[in-house]
>>> print(open('model_32.pdb').read())   # PDB, C-alpha atoms, pLDDT in the B column
ATOM      1  CA  PHE S 210      18.949 -14.340  11.224  1.00 52.00           C
ATOM      2  CA  TRP S 211      15.188 -14.542  11.739  1.00 57.00           C
ATOM      3  CA  PRO S 212      14.600 -16.908   8.772  1.00 55.00           C
ATOM      4  CA  TRP S 213      16.974 -19.471  10.237  1.00 57.00           C
ATOM      5  CA  ALA S 214      15.241 -19.237  13.601  1.00 63.00           C
ATOM      6  CA  SER S 215      11.854 -19.756  11.957  1.00 62.00           C
ATOM      7  CA  GLY S 216      13.156 -22.669   9.887  1.00 61.00           C
ATOM      8  CA  SER S 217      13.000 -21.221   6.391  1.00 62.00           C
ATOM      9  CA  GLY S 218      14.976 -19.358   3.763  1.00 65.00           C
ATOM     10  CA  GLY S 219      18.074 -17.302   3.977  1.00 70.00           C
ATOM     11  CA  VAL S 220      19.093 -13.751   4.715  1.00 74.00           C
ATOM     12  CA  VAL S 221      19.143 -11.035   2.056  1.00 76.00           C
ATOM     13  CA  VAL S 222      21.263  -7.977   2.805  1.00 80.00           C
ATOM     14  CA  LEU S 223      20.714  -5.170   0.350  1.00 79.00           C
ATOM     15  CA  ASP S 224      23.422  -2.803  -0.838  1.00 82.00           C
ATOM     16  CA  GLN S 225      24.164   0.210   1.328  1.00 86.00           C
ATOM     17  CA  GLY S 226      22.325   3.288   0.093  1.00 85.00           C
ATOM     18  CA  LEU S 227      19.524   1.336  -1.582  1.00 83.00           C
ATOM     19  CA  GLU S 228      17.111   2.677   1.041  1.00 81.00           C
ATOM     20  CA  ARG S 229      17.358   6.080  -0.657  1.00 86.00           C
ATOM     21  CA  ASP S 230      15.703   4.811  -3.860  1.00 87.00           C
ATOM     22  CA  SER S 231      12.176   3.662  -2.972  1.00 87.00           C
ATOM     23  CA  ARG S 232      11.401   2.261  -6.421  1.00 88.00           C
ATOM     24  CA  LEU S 233      14.572   0.189  -6.634  1.00 88.00           C
ATOM     25  CA  LEU S 234      14.140  -0.951  -3.035  1.00 87.00           C
ATOM     26  CA  SER S 235      10.559  -2.059  -3.758  1.00 87.00           C
ATOM     27  CA  LYS S 236      11.757  -4.047  -6.761  1.00 87.00           C
ATOM     28  CA  SER S 237      14.544  -5.641  -4.713  1.00 85.00           C
ATOM     29  CA  ILE S 238      12.114  -6.694  -1.982  1.00 85.00           C
ATOM     30  CA  ALA S 239       9.779  -8.246  -4.554  1.00 86.00           C
ATOM     31  CA  TYR S 240      12.630  -9.958  -6.432  1.00 87.00           C
ATOM     32  CA  SER S 241      14.089 -11.468  -3.266  1.00 84.00           C
ATOM     33  CA  ARG S 242      10.653 -12.783  -2.248  1.00 85.00           C
ATOM     34  CA  ALA S 243      11.444 -11.714   1.311  1.00 85.00           C
ATOM     35  CA  SER S 244       8.997 -13.051   3.894  1.00 87.00           C
ATOM     36  CA  VAL S 245      10.335 -11.001   6.828  1.00 89.00           C
ATOM     37  CA  LEU S 246      11.274  -7.356   6.457  1.00 90.00           C
ATOM     38  CA  PHE S 247      13.082  -5.162   9.005  1.00 90.00           C
ATOM     39  CA  VAL S 248      12.550  -1.527   8.053  1.00 92.00           C
ATOM     40  CA  THR S 249      12.459   1.960   9.553  1.00 93.00           C
ATOM     41  CA  PRO S 250       9.244   3.981   9.246  1.00 95.00           C
ATOM     42  CA  THR S 251      11.001   6.458   6.944  1.00 93.00           C
ATOM     43  CA  VAL S 252      11.980   3.733   4.485  1.00 91.00           C
ATOM     44  CA  LEU S 253       8.613   2.003   4.874  1.00 93.00           C
ATOM     45  CA  HIS S 254       6.855   5.252   3.967  1.00 92.00           C
ATOM     46  CA  GLY S 255       8.942   5.497   0.806  1.00 90.00           C
ATOM     47  CA  VAL S 256       8.215   1.925  -0.196  1.00 89.00           C
ATOM     48  CA  VAL S 257       4.507   1.794   0.603  1.00 89.00           C
ATOM     49  CA  CYS S 258       3.295   5.365   0.110  1.00 85.00           C
ATOM     50  CA  MET S 259       5.502   6.548  -2.729  1.00 79.00           C
ATOM     51  CA  THR S 260       5.629   3.401  -4.860  1.00 78.00           C
ATOM     52  CA  ASN S 261       2.358   1.690  -3.873  1.00 77.00           C
ATOM     53  CA  ALA S 262       4.302  -1.522  -3.253  1.00 78.00           C
ATOM     54  CA  LYS S 263       2.132  -4.368  -1.969  1.00 80.00           C
ATOM     55  CA  LEU S 264       4.855  -6.387  -0.180  1.00 86.00           C
ATOM     56  CA  GLU S 265       3.140  -9.532  -1.458  1.00 85.00           C
ATOM     57  CA  ASN S 266       5.593 -12.110  -0.112  1.00 87.00           C
ATOM     58  CA  VAL S 267       6.224 -10.398   3.216  1.00 90.00           C
ATOM     59  CA  GLN S 268       4.507 -12.189   6.089  1.00 91.00           C
ATOM     60  CA  LEU S 269       6.115 -10.272   8.954  1.00 93.00           C
ATOM     61  CA  LEU S 270       6.948  -6.586   8.840  1.00 93.00           C
ATOM     62  CA  MET S 271       9.146  -5.449  11.728  1.00 94.00           C
ATOM     63  CA  VAL S 272       9.229  -1.668  12.025  1.00 96.00           C
ATOM     64  CA  ILE S 273      12.390  -0.563  13.840  1.00 95.00           C
ATOM     65  CA  GLY S 274      14.592   2.370  14.790  1.00 93.00           C
ATOM     66  CA  GLU S 275      12.136   5.273  14.764  1.00 94.00           C
ATOM     67  CA  ALA S 276       8.667   6.169  16.005  1.00 95.00           C
ATOM     68  CA  PHE S 277       5.970   4.477  13.889  1.00 95.00           C
ATOM     69  CA  SER S 278       3.225   7.060  13.326  1.00 95.00           C
ATOM     70  CA  LEU S 279      -0.416   6.054  13.578  1.00 95.00           C
ATOM     71  CA  SER S 280      -1.132   7.386  10.082  1.00 95.00           C
ATOM     72  CA  LEU S 281       1.629   5.263   8.524  1.00 94.00           C
ATOM     73  CA  GLN S 282       0.515   2.248  10.537  1.00 93.00           C
ATOM     74  CA  GLN S 283      -3.051   2.649   9.259  1.00 94.00           C
ATOM     75  CA  THR S 284      -1.837   3.036   5.669  1.00 91.00           C
ATOM     76  CA  VAL S 285       0.286  -0.103   5.923  1.00 91.00           C
ATOM     77  CA  GLU S 286      -2.396  -2.185   7.625  1.00 89.00           C
ATOM     78  CA  SER S 287      -5.011  -1.212   5.022  1.00 87.00           C
ATOM     79  CA  SER S 288      -2.965  -2.771   2.209  1.00 82.00           C
ATOM     80  CA  PHE S 289      -0.880  -5.444   3.963  1.00 87.00           C
ATOM     81  CA  ASP S 290      -2.073  -8.931   4.922  1.00 89.00           C
ATOM     82  CA  GLY S 291       0.853  -9.972   7.128  1.00 92.00           C
ATOM     83  CA  ASP S 292       1.718  -9.231  10.733  1.00 94.00           C
ATOM     84  CA  VAL S 293       3.148  -5.827  11.688  1.00 94.00           C
ATOM     85  CA  TRP S 294       5.382  -5.567  14.755  1.00 94.00           C
ATOM     86  CA  ASN S 295       6.475  -2.203  16.088  1.00 94.00           C
ATOM     87  CA  VAL S 296       9.805  -3.023  17.753  1.00 92.00           C
ATOM     88  CA  TYR S 297      10.935   0.548  18.331  1.00 81.00           C
ATOM     89  CA  GLY S 298      12.204   0.683  21.743  1.00 64.00           C
TER      90      GLY S 298
END
>>> encode(input="model_32.pdb", output="structure tokens")
Amino acid sequence: FWPWASGSGGVVVLDQGLERDSRLLSKSIAYSRASVLFVTPTVLHGVVCMTNAKLENVQLLMVIGEAFSLSLQQTVESSFDGDVWNVYG
């Protein structure tokens, strides 16, 4: 519900199981033109490291649910222009 709180867009909920296919997930993120992305480090690794996705429309990346390794954080920040929030807690 973040987009409503920030005053823009809508919410996109992807099909269950899509997180297992990094290529299809990357395409879905690009197609939806998502500006905020909630993702676990495991899924983020698949999207960024295995498909070289650029997350061009994403302005805020919220990493949740698992420990966010320094190496993954550095990889993401080297190719991502938006804000990265580690909300693992």
>>> resolve_selection(input="model_32.pdb", expression="the PyMOL selection byres ((chain S and resi 278-280) around 12)", output="list in words")
Thr249, Pro250, Thr251, Leu253, His254, Cys258, Val272, Ile273, Glu275, Ala276, Phe277, Leu281, Gln282, Gln283, Thr284, Val285, Glu286, Ser287, Asn295 and Tyr297 of chain S
>>> closest_residue(input="model_32.pdb", among="S:Val256, S:Met271, S:Val245, S:Val220", to="Arg232 of chain S", atoms="only C-alpha atoms")
S:Val256
>>> residues_around(input="model_32.pdb", residues="Asn266 of chain S", least_positions_apart="4", cutoff="10 Å", atoms="all atoms listed in the file", output="list of chain:residue names")
S:Ile238, S:Ala239, S:Tyr240, S:Ser241, S:Arg242, S:Ala243, S:Ser244, S:Val245, S:Leu246, S:Asp290, S:Gly291
>>> atom_distance(input="model_32.pdb", atom1="atom CA of Met259 of chain S", atom2="atom CA of Gly219 of chain S")
27.8 Å
>>> atom_distance(input="model_32.pdb", atom1="atom CA of Thr260 of chain S", atom2="atom CA of Gly226 of chain S")
17.4 Å
>>> atom_distance(input="model_32.pdb", atom1="atom CA of Gly255 of chain S", atom2="atom CA of Leu234 of chain S")
9.1 Å
>>> axis_aligned_box(input="model_32.pdb", around="segment 249-257 of chain S", padding_each_side="5 Å", output="lines of an AutoDock Vina configuration file")
center_x = 8.5
center_y = 4.1
center_z = 4.7
size_x = 18.0
size_y = 14.7
size_z = 19.7
>>> closest_residue(input="model_32.pdb", among="S:Val296, S:Leu269, S:Val252, S:Leu264", to="Asp230 of chain S", atoms="only C-alpha atoms")
S:Val252
>>> residues_near_point(input="model_32.pdb", point="(19.9, -7.1, 4.9)", cutoff="10 Å", atoms="all atoms listed in the file", output="number ranges by chain")
S: 210, 220-225, 246-248
